[in-house]
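Below is one structure; the comments refer to it alone.
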Amino acid sequence: MQKTALLSLVFGVISLFLSLYGIFFGIIGFVLALHIIRKSEQKRKSEKGMAIGGLATSVIGAGYQIVAILILVLTA
């Protein structure tokens with residue numbers, strides 16, 4: 001499970017920097033983070049922390065990409 005939490009964090013960070021594919025990485029990181037948060041026990045706080053970080057970066061990255069695409073479409 002810790003690998004999945006780390007993977008969600010990595011996908012979230014990748015979604016911040018990729019232009020068009022950031023949305024897809026953000027969605028994958030979001031789904032993985034939600035899965036880990038729901039399945040984690042209270043004993044594994046580091047795992048839950050990585051999942052929360054993955055959730056936050058995924059939402060920010062995907063949201064940023066959606067706003068950027070909307071601006072490009074509306075100004076064209």
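If you're wondering about the labels, chains in the structure tokens are A, B, ... by order shown, residues count from 1 in each chain, ligands from 1 in order shown.
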Which residues are close to Gly12 of chain A, i.e. within 6 Å by only C-alpha atoms, leaving aside same-chain residues fewer than 3 positions away? Reply as a ChimeraX atom specification. /A:9,15,26,29,54,57-58
Find the residues around segment 17-20 of chain A up to 12 Å (only C-alpha atoms counted), leave out those fewer than 4 positions away in its own chain, and share them as a list in words. Val10, Phe11, Gly12, Val13, Phe24, Phe25, Gly26, Thr57, Ser58, Ile60, Gly61, Ala62, Gly63, Tyr64, Gln65, Ile66, Val67, Ala68, Ile69, Leu70 and Leu72 of chain A
Could you list, as a list in words, every residue within 12 Å of Lys39 of chain A, counting only C-alpha atoms and ignoring same-chain residues fewer than 5 positions away?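 Within the cut-off, the hits are Met1, Gln2, Thr4, Ala5, Leu32, Ala33, Leu34, Arg44, Glu47, Lys48 and Ala51 of chain A.
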Please report the interatomic distance between atom CA of Lys45 of chain A and atom CA of Ile23 of chain A in Å with one decimal.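 Result for atom CA of Lys45 of chain A versus atom CA of Ile23 of chain A: 27.6 Å, one decimal.
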